[in-house]
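Coordinates as given in upload_36.tsv (TSV, C-alpha atoms):
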chain	number	residue	atom	x	y	z
A	14	MET	CA	0.00	0.00	0.00
A	15	SER	CA	1.27	3.47	-0.88
A	16	THR	CA	-0.74	5.15	1.88
A	17	ALA	CA	-0.60	4.67	5.61
A	18	THR	CA	-2.96	2.29	7.39
A	19	LEU	CA	-4.97	3.27	10.47
A	20	THR	CA	-6.24	0.13	12.20
A	21	ILE	CA	-9.15	0.60	14.63
A	22	ASP	CA	-9.91	-2.13	17.15
A	23	LEU	CA	-13.69	-2.12	17.58
A	24	ASP	CA	-13.51	-4.83	20.25
A	25	ALA	CA	-11.24	-2.58	22.32
A	26	ILE	CA	-13.74	0.29	21.99
A	27	ALA	CA	-16.55	-2.00	23.17
A	28	ALA	CA	-14.39	-3.26	26.05
A	29	ASN	CA	-13.59	0.30	27.11
A	30	TRP	CA	-17.30	1.17	27.12
A	31	ARG	CA	-18.06	-1.87	29.28
A	32	SER	CA	-15.28	-1.03	31.72
A	33	LEU	CA	-16.57	2.52	32.15
A	34	ASP	CA	-20.11	1.19	32.49
A	35	ARG	CA	-18.96	-1.10	35.31
A	36	MET	CA	-17.58	1.90	37.23
A	37	THR	CA	-21.10	3.18	37.87
A	38	GLY	CA	-24.01	1.69	39.75
A	39	PRO	CA	-26.80	-0.41	38.26
A	40	GLY	CA	-29.15	2.58	38.19
A	41	VAL	CA	-26.77	4.68	36.09
A	42	GLN	CA	-27.01	4.50	32.31
A	43	THR	CA	-23.82	4.77	30.25
A	44	ALA	CA	-24.12	6.63	26.97
A	45	ALA	CA	-21.43	7.12	24.31
A	46	VAL	CA	-20.07	10.32	22.82
A	47	VAL	CA	-19.31	9.79	19.13
A	48	LYS	CA	-18.93	13.36	17.92
A	49	ALA	CA	-16.33	14.34	15.29
A	50	ASP	CA	-16.82	11.09	13.34
A	51	ALA	CA	-16.30	9.09	16.55
A	52	TYR	CA	-13.14	11.06	17.36
A	53	GLY	CA	-11.90	10.49	13.82
A	54	LEU	CA	-12.30	6.70	13.84
A	55	GLY	CA	-15.42	6.25	11.70
A	56	VAL	CA	-18.80	6.79	13.30
A	57	THR	CA	-20.72	4.15	11.35
A	58	ARG	CA	-18.66	1.19	12.48
A	59	VAL	CA	-17.93	2.63	15.92
A	60	ALA	CA	-21.55	3.45	16.74
A	61	ARG	CA	-22.68	-0.02	15.69
A	62	ALA	CA	-19.98	-1.66	17.85
A	63	LEU	CA	-21.02	0.44	20.84
A	64	ALA	CA	-24.70	-0.35	20.29
A	65	HIS	CA	-23.83	-4.03	20.17
A	66	ALA	CA	-21.93	-3.60	23.45
A	67	GLY	CA	-25.04	-2.13	25.06
A	68	ALA	CA	-25.05	1.63	24.50
A	69	ARG	CA	-28.53	3.03	23.88
A	70	ARG	CA	-27.89	6.77	23.99
A	71	PHE	CA	-25.37	8.60	21.82
A	72	PHE	CA	-24.14	12.19	21.89
A	73	VAL	CA	-22.88	14.21	18.94
A	74	ALA	CA	-21.85	17.85	18.54
A	75	TYR	CA	-24.06	18.86	15.61
A	76	ALA	CA	-27.29	17.75	13.97
A	77	GLU	CA	-25.43	16.68	10.82
A	78	GLU	CA	-23.39	14.28	12.92
A	79	GLY	CA	-26.63	13.01	14.43
A	80	ALA	CA	-27.86	12.20	10.95
A	81	ALA	CA	-24.86	9.93	10.39
A	82	VAL	CA	-25.46	8.12	13.69
A	83	ARG	CA	-29.15	7.68	12.93
A	84	GLN	CA	-28.30	6.29	9.51
A	85	ALA	CA	-25.85	3.85	11.12
A	86	LEU	CA	-28.18	2.66	13.89
A	87	GLY	CA	-31.69	3.11	12.57
A	88	PRO	CA	-34.64	3.98	14.79
A	89	GLY	CA	-34.55	3.30	18.50
A	90	PRO	CA	-31.36	4.58	20.15
A	91	GLN	CA	-31.49	8.16	21.33
A	92	VAL	CA	-29.19	10.55	19.49
A	93	ALA	CA	-28.60	13.76	21.45
A	94	VAL	CA	-27.16	16.93	19.89
A	95	LEU	CA	-24.90	18.94	22.20
A	96	SER	CA	-25.08	22.15	20.14
A	97	GLY	CA	-28.84	22.14	20.69
A	98	HIS	CA	-31.49	23.34	18.26
A	99	MET	CA	-29.72	25.62	15.81
A	100	ALA	CA	-31.49	27.73	13.20
A	101	GLY	CA	-32.09	25.58	10.13
A	102	ASP	CA	-31.97	22.27	12.04
A	103	THR	CA	-35.68	21.91	12.75
A	104	GLU	CA	-36.52	19.60	9.86
A	105	MET	CA	-33.52	17.36	10.51
A	106	ILE	CA	-34.25	17.16	14.24
A	107	HIS	CA	-37.85	16.21	13.53
A	108	ASP	CA	-37.34	13.79	10.66
A	109	LEU	CA	-34.42	11.92	12.24
A	110	ASP	CA	-35.79	11.98	15.79
A	111	LEU	CA	-32.79	13.79	17.23
A	112	THR	CA	-32.83	15.11	20.79
A	113	PRO	CA	-31.32	18.61	21.07
A	114	MET	CA	-29.69	19.68	24.33
A	115	LEU	CA	-31.01	23.25	24.46
A	116	ASN	CA	-28.33	25.75	25.46
A	117	SER	CA	-29.95	29.19	25.52
A	118	LEU	CA	-33.22	31.07	25.84
A	119	GLU	CA	-33.16	31.54	22.07
A	120	GLN	CA	-32.91	27.79	21.50
A	121	ILE	CA	-35.60	27.07	24.07
A	122	THR	CA	-38.00	29.44	22.32
A	123	ARG	CA	-37.11	28.04	18.89
A	124	HIS	CA	-37.65	24.43	19.94
A	125	LEU	CA	-40.87	24.85	21.88
A	126	GLU	CA	-42.41	26.92	19.07
A	127	ALA	CA	-41.17	24.87	16.11
A	128	LEU	CA	-41.44	21.36	17.52
A	129	PRO	CA	-43.92	21.30	20.42
A	130	GLY	CA	-43.95	17.86	22.01
A	131	HIS	CA	-40.64	16.79	20.44
A	132	ALA	CA	-38.04	15.36	22.82
A	133	PHE	CA	-35.36	17.68	24.16
A	134	GLY	CA	-32.90	18.09	26.99
A	135	VAL	CA	-31.37	21.14	28.63
A	136	GLN	CA	-27.70	21.90	29.09
A	137	LEU	CA	-26.90	24.05	32.13
A	138	ASP	CA	-23.84	26.22	32.67
A	139	THR	CA	-22.42	25.36	36.08
A	140	GLY	CA	-19.18	27.29	35.76
A	141	MET	CA	-17.47	26.37	32.50
A	142	ASN	CA	-18.81	29.50	30.76
A	143	ARG	CA	-19.13	27.78	27.43
A	144	LEU	CA	-22.44	26.15	26.49
A	145	GLY	CA	-25.57	26.09	28.62
A	146	VAL	CA	-28.33	28.05	30.34
A	147	GLU	CA	-27.02	30.18	33.19
A	148	MET	CA	-28.40	30.17	36.72
A	149	LEU	CA	-30.59	33.31	36.50
A	150	GLU	CA	-31.94	32.27	33.09
A	151	TRP	CA	-32.72	28.80	34.43
A	152	GLN	CA	-34.59	30.19	37.42
A	153	ALA	CA	-36.71	32.26	35.05
A	154	VAL	CA	-37.60	29.52	32.56
A	155	ALA	CA	-37.49	26.37	34.68
A	156	PRO	CA	-41.23	26.34	35.51
A	157	ILE	CA	-42.12	26.45	31.81
A	158	LEU	CA	-39.45	24.00	30.75
A	159	LEU	CA	-40.15	21.48	33.48
A	160	GLU	CA	-43.78	21.41	32.44
A	161	ALA	CA	-42.67	20.70	28.85
A	162	GLY	CA	-40.86	17.60	30.12
A	163	PRO	CA	-37.15	17.58	29.18
A	164	GLU	CA	-35.65	14.12	28.95
A	165	LEU	CA	-32.37	15.15	30.56
A	166	LEU	CA	-30.73	17.96	32.50
A	167	MET	CA	-26.99	18.01	31.91
A	168	SER	CA	-23.85	20.03	32.47
A	169	HIS	CA	-20.18	19.57	31.68
A	170	LEU	CA	-17.13	19.61	33.96
A	171	ALA	CA	-14.25	21.88	32.98
A	172	CYS	CA	-11.48	20.23	35.03
A	173	ALA	CA	-12.54	16.62	35.54
A	174	ASP	CA	-9.12	15.34	34.46
A	175	GLU	CA	-7.66	17.12	37.51
A	176	SER	CA	-9.29	15.27	40.40
A	177	GLN	CA	-8.27	17.82	43.05
A	178	HIS	CA	-9.25	20.94	41.12
A	179	PRO	CA	-11.65	23.03	43.24
A	180	LEU	CA	-13.92	23.78	40.28
A	181	ASN	CA	-15.09	20.15	40.27
A	182	GLU	CA	-16.73	20.53	43.68
A	183	ALA	CA	-18.00	23.99	42.80
A	184	GLN	CA	-19.67	22.75	39.63
A	185	LEU	CA	-21.14	19.76	41.45
A	186	ALA	CA	-22.69	22.07	44.05
A	187	THR	CA	-24.09	24.37	41.39
A	188	PHE	CA	-25.53	21.45	39.46
A	189	HIS	CA	-27.30	20.26	42.61
A	190	ALA	CA	-28.61	23.76	43.24
A	191	MET	CA	-30.01	24.00	39.72
A	192	THR	CA	-31.49	20.50	39.45
A	193	ASP	CA	-32.35	19.09	42.89
A	194	GLY	CA	-36.07	18.53	43.27
A	195	THR	CA	-36.84	18.48	39.56
A	196	GLY	CA	-37.35	14.72	39.48
A	197	LEU	CA	-35.70	14.60	36.05
A	198	PRO	CA	-32.80	12.44	34.84
A	199	ARG	CA	-29.47	14.23	35.24
A	200	SER	CA	-25.99	13.94	33.72
A	201	LEU	CA	-22.74	15.65	34.72
A	202	ALA	CA	-19.93	13.17	34.06
A	203	ALA	CA	-18.01	12.44	30.88
A	204	THR	CA	-14.95	10.16	31.08
A	205	GLY	CA	-13.15	12.25	33.69
A	206	GLY	CA	-16.30	12.71	35.74
A	207	ILE	CA	-16.86	8.96	35.89
A	208	LEU	CA	-13.40	8.59	37.42
A	209	LEU	CA	-14.20	11.24	40.06
A	210	GLY	CA	-16.60	8.82	41.73
A	211	PRO	CA	-20.30	8.14	42.40
A	212	ARG	CA	-21.21	11.66	43.54
A	213	TYR	CA	-20.69	12.82	39.96
A	214	HIS	CA	-22.52	9.98	38.21
A	215	PHE	CA	-26.20	10.91	38.68
A	216	ASP	CA	-28.47	9.07	36.20
A	217	LEU	CA	-26.41	9.08	33.00
A	218	THR	CA	-22.73	9.27	32.13
A	219	ARG	CA	-21.33	10.34	28.77
A	220	PRO	CA	-17.86	8.84	28.15
A	221	GLY	CA	-16.06	9.99	25.03
A	222	VAL	CA	-12.28	9.94	24.78
A	223	GLY	CA	-12.02	7.07	27.27
A	224	LEU	CA	-13.80	4.84	24.78
A	225	PHE	CA	-11.01	5.40	22.29
A	226	GLY	CA	-8.04	4.67	24.54
A	227	GLY	CA	-7.38	8.22	25.72
A	228	LEU	CA	-6.60	9.76	29.09
A	229	PRO	CA	-7.78	10.16	31.77
A	230	HIS	CA	-8.99	6.54	31.41
A	231	VAL	CA	-5.56	5.04	32.16
A	232	ALA	CA	-6.93	1.48	32.18
A	233	ALA	CA	-8.37	1.79	28.67
A	234	GLN	CA	-7.36	-0.76	26.06
A	235	PRO	CA	-5.41	0.72	23.13
A	236	VAL	CA	-7.63	1.24	20.12
A	237	VAL	CA	-5.55	2.53	17.20
A	238	THR	CA	-2.45	1.45	15.32
A	239	LEU	CA	-1.02	3.76	12.65
A	240	SER	CA	1.44	2.12	10.25
A	241	LEU	CA	3.35	4.34	7.83
A	242	PRO	CA	4.77	2.72	4.68
A	243	VAL	CA	8.48	2.98	3.90
A	244	ILE	CA	8.72	4.67	0.50
A	245	GLN	CA	12.48	4.89	0.06
A	246	THR	CA	15.75	4.44	1.96
A	247	ARG	CA	19.13	6.03	1.47
A	248	GLU	CA	22.58	5.97	3.01
A	249	VAL	CA	23.63	9.27	4.54
A	250	GLU	CA	27.25	10.08	5.31
A	251	PRO	CA	28.46	12.01	8.38
A	252	GLY	CA	27.94	15.72	7.89
A	253	GLU	CA	25.07	15.30	5.43
A	254	ALA	CA	21.70	16.86	6.30
A	255	VAL	CA	18.21	15.40	5.95
A	256	GLY	CA	15.03	17.24	5.03
A	257	TYR	CA	13.91	20.86	5.09
A	258	GLY	CA	16.12	23.41	6.77
A	259	CYS	CA	18.95	20.90	7.34
A	260	ALA	CA	17.32	20.32	10.73
A	261	TRP	CA	19.16	17.02	11.30
A	262	VAL	CA	22.74	16.27	10.35
A	263	ALA	CA	24.19	12.76	10.45
A	264	GLU	CA	26.99	12.19	12.93
A	265	ARG	CA	27.72	8.67	11.63
A	266	PRO	CA	26.99	6.65	8.50
A	267	SER	CA	23.23	6.26	8.65
A	268	VAL	CA	20.37	4.58	6.85
A	269	ILE	CA	17.39	6.91	6.59
A	270	ALA	CA	13.90	5.74	5.64
A	271	THR	CA	11.41	8.15	4.12
A	272	VAL	CA	7.91	7.08	5.20
A	273	GLY	CA	4.46	8.15	4.10
A	274	GLY	CA	2.74	10.52	6.52
A	275	GLY	CA	3.09	14.16	7.45
A	276	TYR	CA	1.35	17.19	8.80
A	277	ALA	CA	-1.32	16.89	6.11
A	278	ASP	CA	-2.19	13.59	7.81
A	279	GLY	CA	-2.40	14.95	11.34
A	280	LEU	CA	1.23	14.41	12.38
A	281	PRO	CA	2.20	17.89	13.60
A	282	ARG	CA	5.52	19.59	12.80
A	283	THR	CA	6.16	19.75	16.55
A	284	LEU	CA	7.10	16.05	16.34
A	285	SER	CA	10.18	17.02	14.30
A	286	ASN	CA	13.40	15.51	15.68
A	287	LYS	CA	11.49	14.27	18.74
A	288	ALA	CA	9.14	11.38	18.02
A	289	ARG	CA	9.88	7.69	17.69
A	290	LEU	CA	8.41	5.11	15.35
A	291	TRP	CA	8.49	1.37	15.94
A	292	ASP	CA	9.53	-1.69	13.99
A	293	GLY	CA	7.87	-4.31	16.13
A	294	ASP	CA	9.44	-3.78	19.55
A	295	THR	CA	12.35	-1.68	18.27
A	296	PRO	CA	12.13	2.13	18.46
A	297	CYS	CA	13.42	4.23	15.59
A	298	PRO	CA	13.93	8.00	15.95
A	299	LEU	CA	12.21	10.49	13.68
A	300	VAL	CA	14.98	12.71	12.31
A	301	GLY	CA	14.59	16.07	10.63
A	302	ARG	CA	11.39	17.97	10.09
A	303	VAL	CA	7.92	16.58	9.60
A	304	SER	CA	6.85	17.75	6.15
A	305	MET	CA	3.47	17.73	4.47
A	306	ASP	CA	3.50	14.18	3.13
A	307	VAL	CA	6.54	12.40	4.53
A	308	ILE	CA	8.82	12.05	7.53
A	309	THR	CA	12.33	10.63	7.77
A	310	VAL	CA	13.37	7.97	10.24
A	311	ASP	CA	16.78	6.63	11.28
A	312	ILE	CA	16.74	2.84	10.78
A	313	THR	CA	20.50	2.30	10.84
A	314	HIS	CA	20.19	-0.19	13.70
A	315	LEU	CA	17.60	-2.42	12.01
A	316	PRO	CA	18.80	-5.69	10.45
A	317	GLU	CA	16.66	-5.12	7.36
A	318	VAL	CA	14.41	-2.48	5.86
A	319	PRO	CA	10.81	-2.87	7.10
A	320	ARG	CA	7.79	-2.42	4.86
A	321	SER	CA	6.26	-0.02	7.39
A	322	LEU	CA	6.85	1.62	10.77
A	323	ASP	CA	4.26	2.22	13.48
A	324	ILE	CA	3.89	5.70	14.96
A	325	LEU	CA	0.82	4.68	16.99
A	326	GLY	CA	0.45	1.25	18.54
A	327	PRO	CA	1.04	-0.78	21.69
A	328	HIS	CA	4.34	0.99	22.48
A	329	GLN	CA	3.08	4.52	21.85
A	330	GLY	CA	-0.54	5.54	22.30
A	331	VAL	CA	-2.24	8.75	21.26
A	332	ASP	CA	-1.52	10.54	24.53
A	333	ALA	CA	2.16	9.58	24.51
A	334	LEU	CA	2.59	10.81	20.94
A	335	ALA	CA	0.56	13.92	21.70
A	336	GLY	CA	2.82	14.66	24.65
A	337	VAL	CA	5.88	14.55	22.42
A	338	GLY	CA	4.19	17.02	20.07
A	339	GLY	CA	3.00	19.35	22.82
A	340	THR	CA	-0.71	18.66	22.41
A	341	ILE	CA	-3.37	16.31	23.83
A	342	GLY	CA	-4.72	12.93	22.79
A	343	TYR	CA	-8.07	14.42	21.77
A	344	GLU	CA	-6.41	16.60	19.14
A	345	MET	CA	-4.16	13.80	17.95
A	346	LEU	CA	-7.10	11.44	17.43
A	347	THR	CA	-9.41	13.89	15.71
A	348	SER	CA	-6.62	15.18	13.42
A	349	LEU	CA	-5.77	11.79	11.93
A	350	GLY	CA	-5.91	12.44	8.22
A	351	ARG	CA	-8.41	11.34	5.62
A	352	ARG	CA	-5.70	9.83	3.40
A	353	TYR	CA	-5.18	6.91	5.75
A	354	GLN	CA	-6.65	3.60	4.74
A	355	ARG	CA	-8.90	2.81	7.69
A	356	ARG	CA	-9.29	-0.81	8.74
A	357	HIS	CA	-11.79	-1.73	11.41
A	358	GLN	CA	-10.99	-4.94	13.26
A	359	GLU	CA	-13.72	-6.92	14.99
A	360	ARG	CA	-13.93	-10.58	15.92
A	361	GLY	CA	-16.03	-12.41	13.39
A	362	ALA	CA	-15.93	-9.46	10.98

Written form, structure tokens:
Amino acid sequence: MSTATLTIDLDAIAANWRSLDRMTGPGVQTAAVVKADAYGLGVTRVARALAHAGARRFFVAYAEEGAAVRQALGPGPQVAVLSGHMAGDTEMIHDLDLTPMLNSLEQITRHLEALPGHAFGVQLDTGMNRLGVEMLEWQAVAPILLEAGPELLMSHLACADESQHPLNEAQLATFHAMTDGTGLPRSLAATGGILLGPRYHFDLTRPGVGLFGGLPHVAAQPVVTLSLPVIQTREVEPGEAVGYGCAWVAERPSVIATVGGGYADGLPRTLSNKARLWDGDTPCPLVGRVSMDVITVDITHLPEVPRSLDILGPHQGVDALAGVGGTIGYEMLTSLGRRYQRRHQERGA
């Protein structure tokens, strides 16, 4: 193959969902967040694997993403839209039975007027200052909204990956103040919130990145392997430079492999002269700059030239590679390029 191969382990995704589901009590439902094309891994196959594992509620960022999930799963599972009911989405929300999480007074008015009786939820701002109805707004509209019967009241934690951050407790207290006594299902925890413990679990959890092998779910099974094909090799003499800007100069006779994959494929330039690729269990340093389509790797120590090298796999997950590049696993996953040949692995598939 002339292009890189991104292998996605659907069984690992299902296992990660089950492990997060087991962290909560029997009365707590575990949903699945599959926004951004299931974090870049292919929402059709991923959503079906999660539904087979037991997920019955799915969250996406936008109505268009909800359409893809509905097409993948058919009628039945709930598909909730975190951006709420945006102008122009009414027909799609109605026809595809999507459940918007209303974020503002404008959205509340739009939904109740355009789709009376259609399912909805409400997102509350408990201190993140991003999406959601604020406290004073909620106090004003709660009597009307509660009579309309939202299916869920939810909020989102800003610092759940930092277990000791004081905002976690502050948001929890605000969420209680805004929702206690409503008698409605509630949701506060995504992956990080699940790990904070039962006080944050309420009636529904919404794991996302933890399903796909990312932190803060340290016990997650690895999900992705990214193999980059070796296009060409060359012998480089001491003093000779490799790649743009002469950013790496050989100090010994070296064998340099040029492999397919670059910043156009989601491998940032900040990996230049820092990252490692792997031939089986053997690490190989990335040398020189990451360019648009290729990177160069020192394979002098290998007994033979491999067909490909892994930049993601069992020895280096998305968070480890992201750390080398100065970013986070979320960004690394969702930036994985469209040129990769995607292979979904599943037992019996």

> What residues have an atom no more than 6 Å from (17.4, 15.2, 14.7) in the file's own frame, counting all atoms listed in the file, and can you write them as a ChimeraX atom specification?
Replying inline: /A:261,286,300-301

Mind working out the centre and edge lengths of an axis-aligned box for stretch 98-108 of chain A, all listed atoms inside, 4 Å added to each side, rounded to one decimal in Å and written as AutoDock Vina command-line options?
--center_x -33.8 --center_y 20.8 --center_z 14.1 --size_x 16.1 --size_y 21.9 --size_z 16.4

>> Counting only C-alpha atoms, which residues have an atom no more than 12 Å from (17.9, 17.1, 6.5) in the file's coordinates? Please list them as a ChimeraX atom specification.
In response: /A:249-263,269,271,285-286,299-304,308-311

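Minimum atom-to-atom distances from A:Phe71, A:Phe133, A:Tyr276, A:Tyr353 to A:Pro242 were compared using only C-alpha atoms, and the lowest value belongs to A:Tyr353.
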
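Distances to A:Gln91 were evaluated for A:Glu119, A:Asp22, A:Glu164, A:Asp138 using only C-alpha atoms, and the minimum falls at A:Glu164.
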
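Separating atom CA of A:Asp306 from atom CA of A:Leu349 is a distance of 13.0 Å.
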
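Put simply, atom CA of A:Asp278 is 6.8 Å away from atom CA of A:Arg352.
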
> If we count only C-alpha atoms, what is near A:Ala64 at a cut-off of 12 Å, once residues fewer than 2 positions away on the same chain are taken out, given as a ChimeraX atom specification?
Replying inline: /A:23,26-27,30-31,43-47,56-62,66-71,82-83,85-87,89-92

Include C-alpha atoms and write out the residues we just selected as an mmCIF file, in the frame of the given file.
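What follows is the written file again.cif:
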data_model
loop_
_atom_site.group_PDB
_atom_site.id
_atom_site.type_symbol
_atom_site.label_atom_id
_atom_site.label_comp_id
_atom_site.auth_asym_id
_atom_site.auth_seq_id
_atom_site.Cartn_x
_atom_site.Cartn_y
_atom_site.Cartn_z
ATOM 1 C CA LEU A 23 -13.690 -2.120 17.580
ATOM 2 C CA ILE A 26 -13.740 0.290 21.990
ATOM 3 C CA ALA A 27 -16.550 -2.000 23.170
ATOM 4 C CA TRP A 30 -17.300 1.170 27.120
ATOM 5 C CA ARG A 31 -18.060 -1.870 29.280
ATOM 6 C CA THR A 43 -23.820 4.770 30.250
ATOM 7 C CA ALA A 44 -24.120 6.630 26.970
ATOM 8 C CA ALA A 45 -21.430 7.120 24.310
ATOM 9 C CA VAL A 46 -20.070 10.320 22.820
ATOM 10 C CA VAL A 47 -19.310 9.790 19.130
ATOM 11 C CA VAL A 56 -18.800 6.790 13.300
ATOM 12 C CA THR A 57 -20.720 4.150 11.350
ATOM 13 C CA ARG A 58 -18.660 1.190 12.480
ATOM 14 C CA VAL A 59 -17.930 2.630 15.920
ATOM 15 C CA ALA A 60 -21.550 3.450 16.740
ATOM 16 C CA ARG A 61 -22.680 -0.020 15.690
ATOM 17 C CA ALA A 62 -19.980 -1.660 17.850
ATOM 18 C CA ALA A 66 -21.930 -3.600 23.450
ATOM 19 C CA GLY A 67 -25.040 -2.130 25.060
ATOM 20 C CA ALA A 68 -25.050 1.630 24.500
ATOM 21 C CA ARG A 69 -28.530 3.030 23.880
ATOM 22 C CA ARG A 70 -27.890 6.770 23.990
ATOM 23 C CA PHE A 71 -25.370 8.600 21.820
ATOM 24 C CA VAL A 82 -25.460 8.120 13.690
ATOM 25 C CA ARG A 83 -29.150 7.680 12.930
ATOM 26 C CA ALA A 85 -25.850 3.850 11.120
ATOM 27 C CA LEU A 86 -28.180 2.660 13.890
ATOM 28 C CA GLY A 87 -31.690 3.110 12.570
ATOM 29 C CA GLY A 89 -34.550 3.300 18.500
ATOM 30 C CA PRO A 90 -31.360 4.580 20.150
ATOM 31 C CA GLN A 91 -31.490 8.160 21.330
ATOM 32 C CA VAL A 92 -29.190 10.550 19.490
#

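Minimum distance to A:Glu104 across A:Ala186, A:Ala76, A:Leu322, A:Leu201 (counting only C-alpha atoms) occurs at A:Ala76.
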
> Using only C-alpha atoms, which of the listed residues (A:Gln152, A:Arg247, A:Thr238, A:Arg355) sits closest to A:Ile324?
Replying inline: A:Thr238

>> I need the residue nearest A:Pro39 from this list: A:Leu217, A:Leu241, A:Ala202, A:Ala173. Use only C-alpha atoms for the distance.
In response: A:Leu217

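Across the model, the gap from atom CA of A:Gly342 to atom CA of A:Gly223 is 10.4 Å.
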
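Using all atoms listed in the file, the smallest distance between any of A:Gly210, A:Ala333, A:Val318, A:Leu346 and A:Gly55 comes from A:Leu346.
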